[in-house]
$ cat target_16.tsv   # TSV, C-alpha atoms and all ligand atoms
chain	number	residue	atom	x	y	z
U	1	ASP	CA	-87.38	-50.50	-44.44
U	2	GLN	CA	-83.89	-50.34	-42.99
U	3	PRO	CA	-81.06	-50.07	-45.53
U	4	THR	CA	-78.32	-52.67	-45.18
U	5	PRO	CA	-75.33	-50.77	-43.83
U	6	ALA	CA	-72.18	-50.57	-45.94
U	7	TYR	CA	-70.07	-51.57	-42.95
U	8	LYS	CA	-70.83	-53.73	-39.93
U	9	ARG	CA	-68.23	-52.23	-37.59
U	10	VAL	CA	-66.70	-48.77	-37.81
U	11	LEU	CA	-64.71	-46.34	-35.71
U	12	LEU	CA	-65.77	-42.71	-35.61
U	13	LYS	CA	-62.93	-40.26	-34.90
U	14	ILE	CA	-63.84	-36.70	-34.01
U	15	SER	CA	-61.71	-33.93	-32.63
U	16	GLY	CA	-62.40	-32.45	-29.23
U	17	GLU	CA	-63.20	-29.21	-30.98
U	18	ALA	CA	-66.23	-30.84	-32.59
U	19	LEU	CA	-67.82	-30.78	-29.13
U	20	MET	CA	-67.29	-27.14	-28.27
U	21	GLY	CA	-69.92	-25.65	-30.60
U	22	ASP	CA	-69.37	-21.93	-31.13
U	23	GLN	CA	-67.94	-21.41	-27.67
U	24	GLY	CA	-64.27	-21.64	-28.64
U	25	TYR	CA	-63.48	-23.78	-25.61
U	26	GLY	CA	-64.73	-26.74	-23.63
U	27	LEU	CA	-67.93	-28.69	-23.96
U	28	HIS	CA	-71.21	-27.45	-25.41
U	29	PRO	CA	-73.84	-29.98	-24.28
U	30	PRO	CA	-76.32	-29.31	-27.14
U	31	THR	CA	-73.51	-29.97	-29.64
U	32	VAL	CA	-72.56	-33.18	-27.83
U	33	GLN	CA	-76.23	-34.21	-27.98
U	34	ARG	CA	-76.42	-33.43	-31.68
U	35	ILE	CA	-73.43	-35.64	-32.44
U	36	ALA	CA	-74.73	-38.36	-30.12
U	37	ASN	CA	-77.91	-38.30	-32.15
U	38	GLU	CA	-75.95	-38.85	-35.37
U	39	VAL	CA	-74.22	-41.79	-33.70
U	40	LYS	CA	-77.53	-43.20	-32.52
U	41	SER	CA	-78.98	-43.08	-36.03
U	42	VAL	CA	-76.09	-45.26	-37.24
U	43	HIS	CA	-76.37	-47.53	-34.22
U	44	ASP	CA	-80.05	-47.97	-35.12
U	45	LEU	CA	-78.93	-49.50	-38.44
U	46	GLY	CA	-77.27	-52.27	-36.44
U	47	VAL	CA	-73.73	-50.97	-36.99
U	48	GLU	CA	-71.19	-51.69	-34.25
U	49	ILE	CA	-69.58	-48.40	-33.30
U	50	CYS	CA	-66.28	-47.45	-31.71
U	51	MET	CA	-65.51	-43.82	-30.99
U	52	VAL	CA	-62.31	-41.91	-30.34
U	53	ILE	CA	-62.69	-38.29	-29.32
U	54	GLY	CA	-59.80	-35.84	-29.13
U	55	GLY	CA	-59.13	-33.40	-26.34
U	56	GLY	CA	-58.16	-30.22	-28.15
U	57	ASN	CA	-61.25	-28.37	-26.90
U	58	ILE	CA	-59.81	-28.62	-23.39
U	59	PHE	CA	-56.06	-29.16	-23.54
U	60	ARG	CA	-53.37	-29.98	-26.09
U	61	GLY	CA	-49.95	-31.22	-24.99
U	62	LEU	CA	-48.12	-29.22	-27.61
U	63	SER	CA	-49.61	-25.89	-26.58
U	64	GLY	CA	-48.85	-26.65	-22.93
U	65	SER	CA	-45.25	-27.47	-23.70
U	66	ALA	CA	-44.96	-24.37	-25.87
U	67	GLN	CA	-45.68	-22.41	-22.69
U	68	GLY	CA	-42.92	-24.11	-20.73
U	69	MET	CA	-44.67	-27.16	-19.34
U	70	GLU	CA	-42.89	-30.46	-19.55
U	71	ARG	CA	-44.05	-32.15	-22.74
U	72	THR	CA	-44.92	-35.53	-21.31
U	73	THR	CA	-46.85	-34.00	-18.41
U	74	ALA	CA	-48.71	-31.77	-20.83
U	75	ASP	CA	-49.53	-34.80	-22.97
U	76	TYR	CA	-50.95	-36.64	-19.97
U	77	MET	CA	-53.16	-33.61	-19.34
U	78	GLY	CA	-54.29	-33.82	-22.97
U	79	MET	CA	-55.12	-37.49	-22.51
U	80	LEU	CA	-57.15	-36.68	-19.38
U	81	ALA	CA	-59.06	-34.09	-21.41
U	82	THR	CA	-60.16	-36.84	-23.79
U	83	VAL	CA	-61.62	-38.75	-20.84
U	84	MET	CA	-63.85	-35.79	-20.00
U	85	ASN	CA	-65.05	-35.64	-23.58
U	86	ALA	CA	-65.67	-39.39	-23.61
U	87	LEU	CA	-67.76	-39.13	-20.43
U	88	ALA	CA	-69.81	-36.29	-21.93
U	89	MET	CA	-70.49	-38.39	-25.02
U	90	GLN	CA	-71.36	-41.41	-22.88
U	91	SER	CA	-73.85	-39.38	-20.93
U	92	ALA	CA	-75.50	-38.00	-24.08
U	93	LEU	CA	-75.76	-41.42	-25.75
U	94	GLU	CA	-77.14	-43.16	-22.68
U	95	GLU	CA	-79.72	-40.40	-22.29
U	96	MET	CA	-80.91	-41.50	-25.77
U	97	GLY	CA	-81.06	-45.15	-24.75
U	98	VAL	CA	-77.80	-46.26	-26.42
U	99	PHE	CA	-75.66	-48.41	-24.15
U	100	THR	CA	-72.01	-47.45	-24.02
U	101	ARG	CA	-68.72	-48.14	-22.33
U	102	VAL	CA	-65.95	-45.64	-21.79
U	103	ILE	CA	-62.68	-47.56	-22.07
U	104	SER	CA	-59.54	-45.76	-21.03
U	105	ALA	CA	-55.94	-46.44	-22.05
U	106	ILE	CA	-54.95	-45.08	-18.61
U	107	ARG	CA	-56.53	-46.90	-15.70
U	108	MET	CA	-59.05	-44.98	-13.66
U	109	ASP	CA	-61.27	-47.76	-12.46
U	110	GLU	CA	-63.71	-45.61	-10.52
U	111	VAL	CA	-64.55	-43.66	-13.66
U	112	CYS	CA	-64.42	-46.07	-16.58
U	113	GLU	CA	-63.14	-49.43	-17.74
U	114	PRO	CA	-59.53	-50.22	-18.46
U	115	TYR	CA	-58.72	-51.24	-22.01
U	116	ILE	CA	-58.82	-55.01	-22.41
U	117	ARG	CA	-59.10	-55.85	-26.08
U	118	ARG	CA	-61.22	-58.98	-25.83
U	119	ARG	CA	-63.59	-57.29	-23.44
U	120	ALA	CA	-64.02	-54.34	-25.78
U	121	VAL	CA	-64.77	-56.68	-28.70
U	122	ARG	CA	-67.43	-58.35	-26.58
U	123	HIS	CA	-69.05	-55.00	-25.85
U	124	LEU	CA	-69.24	-54.32	-29.58
U	125	GLU	CA	-70.81	-57.70	-30.22
U	126	LYS	CA	-73.41	-56.78	-27.62
U	127	LYS	CA	-74.04	-53.54	-29.55
U	128	ARG	CA	-72.57	-51.27	-26.91
U	129	VAL	CA	-70.86	-48.20	-28.30
U	130	CYS	CA	-67.21	-48.31	-27.15
U	131	ILE	CA	-65.79	-44.86	-26.48
U	132	PHE	CA	-62.02	-45.19	-26.30
U	133	ALA	CA	-60.49	-42.55	-24.04
U	134	ALA	CA	-57.00	-41.37	-23.04
U	135	GLY	CA	-55.66	-41.81	-26.56
U	136	THR	CA	-53.01	-44.51	-26.83
U	137	GLY	CA	-51.98	-43.93	-23.22
U	138	ASN	CA	-48.60	-42.66	-24.40
U	139	PRO	CA	-47.26	-39.14	-24.69
U	140	TYR	CA	-46.08	-37.92	-28.11
U	141	PHE	CA	-49.08	-39.51	-29.81
U	142	THR	CA	-52.39	-38.08	-30.91
U	143	THR	CA	-55.93	-39.27	-30.80
U	144	ASP	CA	-55.79	-39.71	-34.60
U	145	THR	CA	-53.21	-42.41	-34.04
U	146	ALA	CA	-55.29	-43.82	-31.19
U	147	GLY	CA	-58.21	-43.98	-33.64
U	148	ALA	CA	-56.19	-45.90	-36.22
U	149	LEU	CA	-54.79	-48.20	-33.53
U	150	ARG	CA	-58.14	-49.06	-31.94
U	151	ALA	CA	-59.82	-49.44	-35.35
U	152	ASN	CA	-57.24	-52.06	-36.26
U	153	GLU	CA	-57.42	-53.80	-32.90
U	154	MET	CA	-61.22	-53.93	-33.03
U	155	ALA	CA	-61.18	-55.13	-36.65
U	156	CYS	CA	-63.25	-52.17	-37.82
U	157	GLU	CA	-63.93	-52.05	-41.55
U	158	ALA	CA	-63.34	-48.31	-41.80
U	159	ILE	CA	-62.42	-45.20	-39.85
U	160	PHE	CA	-64.94	-42.41	-40.21
U	161	LYS	CA	-63.23	-39.08	-39.69
U	162	GLY	CA	-65.93	-36.51	-38.98
U	163	THR	CA	-64.93	-32.97	-39.93
U	164	LYS	CA	-66.54	-29.66	-40.78
U	165	VAL	CA	-66.42	-30.28	-44.54
U	166	ASP	CA	-67.59	-33.18	-46.67
U	167	GLY	CA	-64.21	-34.58	-47.60
U	168	ILE	CA	-60.67	-33.72	-48.64
U	169	TYR	CA	-60.18	-30.81	-51.03
U	170	ASP	CA	-57.21	-29.70	-53.09
U	171	LYS	CA	-57.27	-26.43	-51.14
U	172	ASP	CA	-59.23	-25.01	-48.22
U	173	PRO	CA	-62.89	-24.99	-49.36
U	174	VAL	CA	-63.74	-22.38	-46.73
U	175	LYS	CA	-61.31	-19.91	-48.29
U	176	PHE	CA	-61.47	-20.87	-51.99
U	177	ASP	CA	-64.68	-21.16	-54.02
U	178	ASP	CA	-62.95	-23.22	-56.69
U	179	ALA	CA	-61.63	-25.85	-54.28
U	180	VAL	CA	-62.22	-29.35	-55.66
U	181	ARG	CA	-63.16	-32.32	-53.52
U	182	TYR	CA	-61.43	-35.63	-54.14
U	183	ASP	CA	-63.69	-38.69	-54.31
U	184	SER	CA	-60.78	-40.84	-53.31
U	185	VAL	CA	-57.10	-40.41	-52.56
U	186	THR	CA	-54.37	-42.84	-51.68
U	187	TYR	CA	-52.68	-42.99	-48.30
U	188	ASP	CA	-49.42	-42.00	-49.96
U	189	GLU	CA	-51.01	-38.93	-51.57
U	190	CYS	CA	-52.19	-37.83	-48.14
U	191	LEU	CA	-48.66	-38.14	-46.85
U	192	THR	CA	-46.76	-36.61	-49.77
U	193	LYS	CA	-49.23	-33.77	-50.41
U	194	ARG	CA	-49.58	-33.30	-46.65
U	195	LEU	CA	-53.37	-33.28	-47.00
U	196	LYS	CA	-54.97	-32.43	-43.69
U	197	VAL	CA	-56.75	-35.69	-43.01
U	198	MET	CA	-55.18	-37.30	-39.99
U	199	ASP	CA	-51.60	-37.10	-38.83
U	200	ALA	CA	-48.90	-39.08	-40.58
U	201	SER	CA	-48.56	-41.89	-38.04
U	202	ALA	CA	-52.33	-42.50	-38.16
U	203	ILE	CA	-52.33	-42.61	-41.95
U	204	ALA	CA	-49.34	-44.95	-42.03
U	205	LEU	CA	-51.03	-47.27	-39.54
U	206	ALA	CA	-54.21	-47.32	-41.64
U	207	ARG	CA	-52.23	-47.84	-44.85
U	208	ASP	CA	-50.19	-50.75	-43.51
U	209	ASN	CA	-53.41	-52.54	-42.52
U	210	ASN	CA	-55.55	-51.54	-45.53
U	211	LEU	CA	-58.04	-49.72	-43.35
U	212	PRO	CA	-60.03	-47.18	-45.38
U	213	ILE	CA	-60.56	-43.70	-43.95
U	214	ILE	CA	-63.84	-42.00	-44.83
U	215	VAL	CA	-63.62	-38.23	-44.42
U	216	PHE	CA	-67.08	-36.71	-44.14
U	217	SER	CA	-68.97	-33.78	-42.65
U	218	LEU	CA	-70.40	-34.17	-39.18
U	219	ASP	CA	-72.17	-30.82	-39.59
U	220	GLU	CA	-74.47	-32.33	-42.21
U	221	PRO	CA	-77.53	-33.72	-40.37
U	222	GLY	CA	-77.98	-37.39	-41.25
U	223	GLY	CA	-74.65	-37.44	-43.09
U	224	PHE	CA	-73.04	-40.21	-41.05
U	225	ARG	CA	-76.05	-42.48	-41.44
U	226	GLY	CA	-76.36	-41.55	-45.12
U	227	ILE	CA	-72.88	-42.81	-45.94
U	228	LEU	CA	-73.54	-46.09	-44.16
U	229	ALA	CA	-76.73	-46.36	-46.19
U	230	GLY	CA	-74.74	-45.85	-49.40
U	231	GLU	CA	-75.42	-42.15	-50.03
U	232	GLY	CA	-73.82	-38.78	-49.56
U	233	THR	CA	-70.50	-37.16	-50.39
U	234	TYR	CA	-67.19	-37.94	-48.77
U	235	THR	CA	-63.58	-38.68	-49.60
U	236	ARG	CA	-62.30	-42.19	-49.26
U	237	VAL	CA	-58.64	-42.66	-48.39
U	238	GLN	CA	-57.50	-46.10	-49.50
J	301	LIG	N1	-52.39	-37.27	-26.37
J	301	LIG	C1	-51.27	-38.04	-26.10
J	301	LIG	N2	-51.24	-39.35	-26.50
J	301	LIG	C2	-52.26	-39.92	-27.20
J	301	LIG	C3	-53.39	-39.12	-27.52
J	301	LIG	C4	-53.44	-37.81	-27.09
J	301	LIG	O1	-50.33	-37.56	-25.49
J	301	LIG	O2	-52.18	-41.11	-27.54
J	301	LIG	C5	-52.49	-35.89	-25.85
J	301	LIG	C6	-51.74	-34.88	-26.67
J	301	LIG	O3	-51.16	-33.95	-25.78
J	301	LIG	C7	-52.84	-34.22	-27.47
J	301	LIG	C8	-54.00	-34.24	-26.51
J	301	LIG	O4	-53.84	-35.48	-25.82
J	301	LIG	O5	-52.51	-32.90	-27.81
J	301	LIG	C9	-55.37	-34.16	-27.13
J	301	LIG	O6	-55.49	-35.04	-28.22
J	301	LIG	P1	-55.56	-34.49	-29.74
J	301	LIG	O7	-54.66	-33.31	-29.91
J	301	LIG	O8	-55.35	-35.66	-30.63
J	301	LIG	O9	-57.06	-34.01	-29.82
J	301	LIG	P2	-57.89	-33.40	-31.07
J	301	LIG	O10	-56.97	-32.55	-31.86
J	301	LIG	O11	-58.38	-34.57	-31.88
J	301	LIG	O12	-59.01	-32.66	-30.41

$ encode --input "target_16.tsv" --output "structure tokens"
Amino acid sequence: DQPTPAYKRVLLKISGEALMGDQGYGLHPPTVQRIANEVKSVHDLGVEICMVIGGGNIFRGLSGSAQGMERTTADYMGMLATVMNALAMQSALEEMGVFTRVISAIRMDEVCEPYIRRRAVRHLEKKRVCIFAAGTGNPYFTTDTAGALRANEMACEAIFKGTKVDGIYDKDPVKFDDAVRYDSVTYDECLTKRLKVMDASAIALARDNNLPIIVFSLDEPGGFRGILAGEGTYTRVQ
């Protein structure tokens, strides 16, 4: 028996670093496949899935500009990095029989589709996983903000922020044994306590549109599916 999923349409935001495995840089195909498998298991529940993947495993605008590169140019490089990650995820999902579209905020018609909102919604209705690439298409933004933006545009019911730990803690759970996980926090608490969830513009965008953010561990096999089936541990930002 299939459980009835808690949400019908969600956006999964992961950082680029989630795809690099233990390598410290770039793409680690077995790790991409592992995450694709988690996505497939949720797709199998009938959930409509959007994805936004960062680019930090390849290039970050801020670190480029810190080394003397022009900031906007460096940011465009960061956005291009997210396209590579999106293509890697597309390839892994399609290998598993999940149909996908890579939809870029910067046109590159030979490689992927341009972003046209109504078209993307249609893909979701047809159960294609929409992988949104190139962030918002604008420098000075992040893929967290792109995630919040696309989740709103696509009328997702929640953003799932996949991390290495199973939620938001009062202090770093990797360093402190007595760190306590919050079951739920408010958007404003995230901002005032500067909790490391998503960046401030992403949280504000989610808050202003009442879009819950579910922070959960992507390292936990079956964790993503479990939450959609009503189980598991996570922190809900609302
Ligand atoms: N970026 C940008 N505009 C956007 C999204 C991303 O300029 O709307 C650039 C920015 O330089 C950023 C890089 O792309 O550093 C990679 O994205 P991000 O740092 O969000 O990736 P993550 O940390 O999630 O891997």

$ axis_aligned_box --input "target_16.tsv" --around "ligand LIG 301 (chain J)" --padding-each-side "6 Å" --output "lines of an AutoDock Vina configuration file"
center_x = -54.7
center_y = -36.8
center_z = -28.7
size_x = 20.7
size_y = 20.6
size_z = 18.4

$ residues_near_ligand --input "target_16.tsv" --ligand "ligand LIG 301 (chain J)" --cutoff "7 Å" --atoms "only C-alpha atoms and all ligand atoms" --output "PyMOL selection string"
chain U and resi 14-17+53-57+59-62+74-79+81-82+134-146

$ residues_near_point --input "target_16.tsv" --point "(-72.4, -39.3, -43.1)" --cutoff "10 Å" --atoms "all atoms listed in the file" --output "ChimeraX atom specification"
/U:38-39,42,160-162,166,214-234

$ write_last_selection --input "target_16.tsv" --atoms "C-alpha atoms" --output "PDB file, in the frame of the given file"
ATOM      1  CA  GLU U  38     -75.950 -38.850 -35.370  1.00  0.00           C
ATOM      2  CA  VAL U  39     -74.220 -41.790 -33.700  1.00  0.00           C
ATOM      3  CA  VAL U  42     -76.090 -45.260 -37.240  1.00  0.00           C
ATOM      4  CA  PHE U 160     -64.940 -42.410 -40.210  1.00  0.00           C
ATOM      5  CA  LYS U 161     -63.230 -39.080 -39.690  1.00  0.00           C
ATOM      6  CA  GLY U 162     -65.930 -36.510 -38.980  1.00  0.00           C
ATOM      7  CA  ASP U 166     -67.590 -33.180 -46.670  1.00  0.00           C
ATOM      8  CA  ILE U 214     -63.840 -42.000 -44.830  1.00  0.00           C
ATOM      9  CA  VAL U 215     -63.620 -38.230 -44.420  1.00  0.00           C
ATOM     10  CA  PHE U 216     -67.080 -36.710 -44.140  1.00  0.00           C
ATOM     11  CA  SER U 217     -68.970 -33.780 -42.650  1.00  0.00           C
ATOM     12  CA  LEU U 218     -70.400 -34.170 -39.180  1.00  0.00           C
ATOM     13  CA  ASP U 219     -72.170 -30.820 -39.590  1.00  0.00           C
ATOM     14  CA  GLU U 220     -74.470 -32.330 -42.210  1.00  0.00           C
ATOM     15  CA  PRO U 221     -77.530 -33.720 -40.370  1.00  0.00           C
ATOM     16  CA  GLY U 222     -77.980 -37.390 -41.250  1.00  0.00           C
ATOM     17  CA  GLY U 223     -74.650 -37.440 -43.090  1.00  0.00           C
ATOM     18  CA  PHE U 224     -73.040 -40.210 -41.050  1.00  0.00           C
ATOM     19  CA  ARG U 225     -76.050 -42.480 -41.440  1.00  0.00           C
ATOM     20  CA  GLY U 226     -76.360 -41.550 -45.120  1.00  0.00           C
ATOM     21  CA  ILE U 227     -72.880 -42.810 -45.940  1.00  0.00           C
ATOM     22  CA  LEU U 228     -73.540 -46.090 -44.160  1.00  0.00           C
ATOM     23  CA  ALA U 229     -76.730 -46.360 -46.190  1.00  0.00           C
ATOM     24  CA  GLY U 230     -74.740 -45.850 -49.400  1.00  0.00           C
ATOM     25  CA  GLU U 231     -75.420 -42.150 -50.030  1.00  0.00           C
ATOM     26  CA  GLY U 232     -73.820 -38.780 -49.560  1.00  0.00           C
ATOM     27  CA  THR U 233     -70.500 -37.160 -50.390  1.00  0.00           C
ATOM     28  CA  TYR U 234     -67.190 -37.940 -48.770  1.00  0.00           C
TER      29      TYR U 234
END

$ residues_around --input "target_16.tsv" --residues "Ile159 in chain U" --least-positions-apart "5" --cutoff "8 Å" --atoms "only C-alpha atoms" --output "PDB file with C-alpha atoms, keeping the file's coordinate frame"
ATOM      1  CA  VAL U  10     -66.700 -48.770 -37.810  1.00  0.00           C
ATOM      2  CA  LEU U  11     -64.710 -46.340 -35.710  1.00  0.00           C
ATOM      3  CA  LEU U  12     -65.770 -42.710 -35.610  1.00  0.00           C
ATOM      4  CA  LYS U  13     -62.930 -40.260 -34.900  1.00  0.00           C
ATOM      5  CA  GLY U 147     -58.210 -43.980 -33.640  1.00  0.00           C
ATOM      6  CA  ALA U 148     -56.190 -45.900 -36.220  1.00  0.00           C
ATOM      7  CA  ALA U 151     -59.820 -49.440 -35.350  1.00  0.00           C
ATOM      8  CA  LEU U 211     -58.040 -49.720 -43.350  1.00  0.00           C
ATOM      9  CA  PRO U 212     -60.030 -47.180 -45.380  1.00  0.00           C
ATOM     10  CA  ILE U 213     -60.560 -43.700 -43.950  1.00  0.00           C
ATOM     11  CA  ILE U 214     -63.840 -42.000 -44.830  1.00  0.00           C
TER      12      ILE U 214
END

$ atom_distance --input "target_16.tsv" --atom1 "CA of Tyr7 in chain U" --atom2 "CA of Ala158 in chain U"
7.6 Å

$ residues_around --input "target_16.tsv" --residues "Gly26 in chain U" --least-positions-apart "2" --cutoff "8 Å" --atoms "all atoms listed in the file" --output "PyMOL selection string"
chain U and resi 17+19-20+23-24+28+57-58

$ write_last_selection --input "target_16.tsv" --atoms "C-alpha atoms" --output "PDB file, in the frame of the given file"
ATOM      1  CA  GLU U  17     -63.200 -29.210 -30.980  1.00  0.00           C
ATOM      2  CA  LEU U  19     -67.820 -30.780 -29.130  1.00  0.00           C
ATOM      3  CA  MET U  20     -67.290 -27.140 -28.270  1.00  0.00           C
ATOM      4  CA  GLN U  23     -67.940 -21.410 -27.670  1.00  0.00           C
ATOM      5  CA  GLY U  24     -64.270 -21.640 -28.640  1.00  0.00           C
ATOM      6  CA  HIS U  28     -71.210 -27.450 -25.410  1.00  0.00           C
ATOM      7  CA  ASN U  57     -61.250 -28.370 -26.900  1.00  0.00           C
ATOM      8  CA  ILE U  58     -59.810 -28.620 -23.390  1.00  0.00           C
TER       9      ILE U  58
END

$ residues_around --input "target_16.tsv" --residues "Thr235 in chain U" --least-positions-apart "6" --cutoff "6 Å" --atoms "all atoms listed in the file" --output "PyMOL selection string"
chain U and resi 167-168+182-184+214-215

$ atom_distance --input "target_16.tsv" --atom1 "CA of Ala92 in chain U" --atom2 "CA of Glu110 in chain U"
19.5 Å
